[in-house]
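The block underneath contains the structure these notes are about, expressed in structure tokens.
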Amino acid sequence: EEIPHTTKFPSFIEFAIHSLGCDVLGHLQQACNAKYTSARIIQELLQVMADQVQHQHEGLLARSTYFGLQCDETTDITTTKQLVLLTRLITESGEVNTRYAGMIPVPDGKADTISAAILAWIQR
């Protein structure tokens, strides 16, 4: 049986609380009249989490003397082309850390387009 992804929002909240350490989301379940599991709320929560992860990643990059950039162009099922970026860096404690850095929409997979997108990402 296939269940639309919109029915999975309550389990996403549970997963975030118990597996991701987002204890603060437990407060959302206190109210009897609101459970905060609508598509809009979940999208907002995901954006807040993504912004936090991005902020932490930018901090790691800023403190790292050197970093490597891995990228791959991909085309999804809707034929949208995107550039996937990963960084590899050495943390202050000396551990090697590979992190997802983002996805950049690109109009095509040409080398000039990809290199321009990478340069724009590095310069921001």
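Letters A, B, ... go to the chains of the structure tokens in the order shown; residues in each chain start at 1; ligands are counted from 1 in the same order.
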Secondary structure check, strand (DSSP E or B) residues of region 16-96 of chain A, as a list in words | Phe67, Gly68, Leu69, Gln70, Cys71, Asp72, Glu73, Thr74, Thr75, Lys81, Gln82, Leu83, Val84, Leu85, Leu86, Thr87, Arg88, Leu89, Ile90 and Val96 of chain A
Selected residues written out with N, CA and C atoms, as an mmCIF file, in the first residue's frame:
```cif
data_model
loop_
_atom_site.group_PDB
_atom_site.id
_atom_site.type_symbol
_atom_site.label_atom_id
_atom_site.label_comp_id
_atom_site.auth_asym_id
_atom_site.auth_seq_id
_atom_site.Cartn_x
_atom_site.Cartn_y
_atom_site.Cartn_z
ATOM 1 N N PHE A 67 40.087 23.313 2.357
ATOM 2 C CA PHE A 67 38.938 22.435 2.135
ATOM 3 C C PHE A 67 38.942 21.986 0.685
ATOM 4 N N GLY A 68 38.314 20.853 0.461
ATOM 5 C CA GLY A 68 38.151 20.340 -0.889
ATOM 6 C C GLY A 68 36.690 20.430 -1.277
ATOM 7 N N LEU A 69 36.450 20.558 -2.559
ATOM 8 C CA LEU A 69 35.083 20.666 -3.056
ATOM 9 C C LEU A 69 34.834 19.540 -4.050
ATOM 10 N N GLN A 70 33.790 18.767 -3.798
ATOM 11 C CA GLN A 70 33.389 17.698 -4.701
ATOM 12 C C GLN A 70 32.062 18.117 -5.316
ATOM 13 N N CYS A 71 31.918 17.896 -6.609
ATOM 14 C CA CYS A 71 30.665 18.283 -7.248
ATOM 15 C C CYS A 71 30.278 17.266 -8.315
ATOM 16 N N ASP A 72 28.984 17.227 -8.576
ATOM 17 C CA ASP A 72 28.458 16.341 -9.601
ATOM 18 C C ASP A 72 27.190 16.965 -10.156
ATOM 19 N N GLU A 73 27.071 16.966 -11.454
ATOM 20 C CA GLU A 73 25.857 17.474 -12.094
ATOM 21 C C GLU A 73 24.875 16.318 -12.205
ATOM 22 N N THR A 74 23.633 16.587 -11.889
ATOM 23 C CA THR A 74 22.608 15.559 -11.946
ATOM 24 C C THR A 74 21.343 16.130 -12.583
ATOM 25 N N THR A 75 20.577 15.266 -13.195
ATOM 26 C CA THR A 75 19.297 15.653 -13.773
ATOM 27 C C THR A 75 18.220 14.809 -13.107
ATOM 28 N N LYS A 81 18.252 20.259 -14.142
ATOM 29 C CA LYS A 81 19.673 20.005 -13.907
ATOM 30 C C LYS A 81 20.114 20.754 -12.654
ATOM 31 N N GLN A 82 20.904 20.061 -11.834
ATOM 32 C CA GLN A 82 21.409 20.665 -10.614
ATOM 33 C C GLN A 82 22.845 20.223 -10.386
ATOM 34 N N LEU A 83 23.576 21.054 -9.699
ATOM 35 C CA LEU A 83 24.944 20.746 -9.326
ATOM 36 C C LEU A 83 24.949 20.443 -7.838
ATOM 37 N N VAL A 84 25.366 19.240 -7.463
ATOM 38 C CA VAL A 84 25.439 18.828 -6.072
ATOM 39 C C VAL A 84 26.846 19.135 -5.574
ATOM 40 N N LEU A 85 26.946 19.821 -4.424
ATOM 41 C CA LEU A 85 28.242 20.191 -3.869
ATOM 42 C C LEU A 85 28.461 19.547 -2.506
ATOM 43 N N LEU A 86 29.645 19.008 -2.310
ATOM 44 C CA LEU A 86 30.084 18.469 -1.018
ATOM 45 C C LEU A 86 31.417 19.121 -0.686
ATOM 46 N N THR A 87 31.644 19.365 0.590
ATOM 47 C CA THR A 87 32.955 19.853 1.004
ATOM 48 C C THR A 87 33.619 18.798 1.873
ATOM 49 N N ARG A 88 34.929 18.758 1.801
ATOM 50 C CA ARG A 88 35.723 17.901 2.680
ATOM 51 C C ARG A 88 36.752 18.806 3.330
ATOM 52 N N LEU A 89 36.779 18.790 4.650
ATOM 53 C CA LEU A 89 37.682 19.665 5.378
ATOM 54 C C LEU A 89 38.226 18.967 6.614
ATOM 55 N N ILE A 90 39.217 19.580 7.200
ATOM 56 C CA ILE A 90 39.785 19.075 8.448
ATOM 57 C C ILE A 90 39.333 20.019 9.547
ATOM 58 N N VAL A 96 38.670 14.499 9.723
ATOM 59 C CA VAL A 96 38.233 14.776 8.356
ATOM 60 C C VAL A 96 36.710 14.746 8.335
#
```
As an MDAnalysis selection string, please: all residues of chain A that backbone DSSP puts in helix (DSSP H, G or I).
-> chainID A and resid 5:18 23:29 39:63 111:123
Preceding selection exported with C-alpha atoms as a compact mmCIF listing (two decimals), in the first residue's frame:
```txt
# COMPACT_ATOMS: atom_id res chain seq x y z
CA HIS A 5 4.11 11.56 1.76
CA THR A 6 1.81 14.10 3.38
CA THR A 7 0.62 11.47 5.84
CA LYS A 8 4.16 11.01 7.15
CA PHE A 9 4.43 14.40 8.89
CA PRO A 10 3.60 13.18 12.41
CA SER A 11 6.25 10.46 12.09
CA PHE A 12 8.72 13.09 10.85
CA ILE A 13 8.20 15.06 14.07
CA GLU A 14 8.77 11.88 16.10
CA PHE A 15 11.92 11.09 14.09
CA ALA A 16 13.27 14.62 14.58
CA ILE A 17 12.67 14.47 18.33
CA HIS A 18 14.06 11.00 18.98
CA ASP A 23 13.90 17.92 21.75
CA VAL A 24 12.32 21.34 21.42
CA LEU A 25 9.86 19.90 18.88
CA GLY A 26 8.33 17.87 21.71
CA HIS A 27 6.67 21.09 22.87
CA LEU A 28 4.63 21.08 19.67
CA GLN A 29 2.80 18.01 20.89
CA ALA A 39 2.52 20.50 5.09
CA ARG A 40 3.18 24.21 5.60
CA ILE A 41 4.51 23.81 9.15
CA ILE A 42 6.72 20.89 8.18
CA GLN A 43 8.19 22.87 5.27
CA GLU A 44 8.92 25.76 7.65
CA LEU A 45 10.53 23.42 10.19
CA LEU A 46 12.66 21.83 7.48
CA GLN A 47 13.78 25.27 6.30
CA VAL A 48 14.76 26.30 9.83
CA MET A 49 16.72 23.05 10.27
CA ALA A 50 18.39 23.46 6.88
CA ASP A 51 19.37 27.05 7.71
CA GLN A 52 20.90 25.90 11.00
CA VAL A 53 22.88 23.12 9.31
CA GLN A 54 24.05 25.57 6.64
CA HIS A 55 25.15 28.07 9.30
CA GLN A 56 27.15 25.38 11.14
CA HIS A 57 28.72 24.27 7.86
CA GLU A 58 29.75 27.83 6.98
CA GLY A 59 31.36 28.13 10.42
CA LEU A 60 33.36 24.93 9.86
CA LEU A 61 34.50 26.18 6.46
CA ALA A 62 35.53 29.56 7.89
CA ARG A 63 37.65 27.90 10.60
CA ALA A 111 31.76 22.83 -18.38
CA ASP A 112 31.54 26.64 -18.59
CA THR A 113 28.18 26.64 -16.81
CA ILE A 114 29.35 24.29 -14.07
CA SER A 115 32.62 26.14 -13.46
CA ALA A 116 30.73 29.48 -13.29
CA ALA A 117 28.29 28.00 -10.74
CA ILE A 118 31.17 26.65 -8.61
CA LEU A 119 33.00 29.99 -8.70
CA ALA A 120 29.82 31.84 -7.73
CA TRP A 121 29.32 29.45 -4.78
CA ILE A 122 32.92 29.91 -3.58
CA GLN A 123 32.68 33.70 -3.83
```
CA of Ser93 (chain A) to CA of Ser64 (chain A): how many Å, to one decimal?
-> 10.5 Å
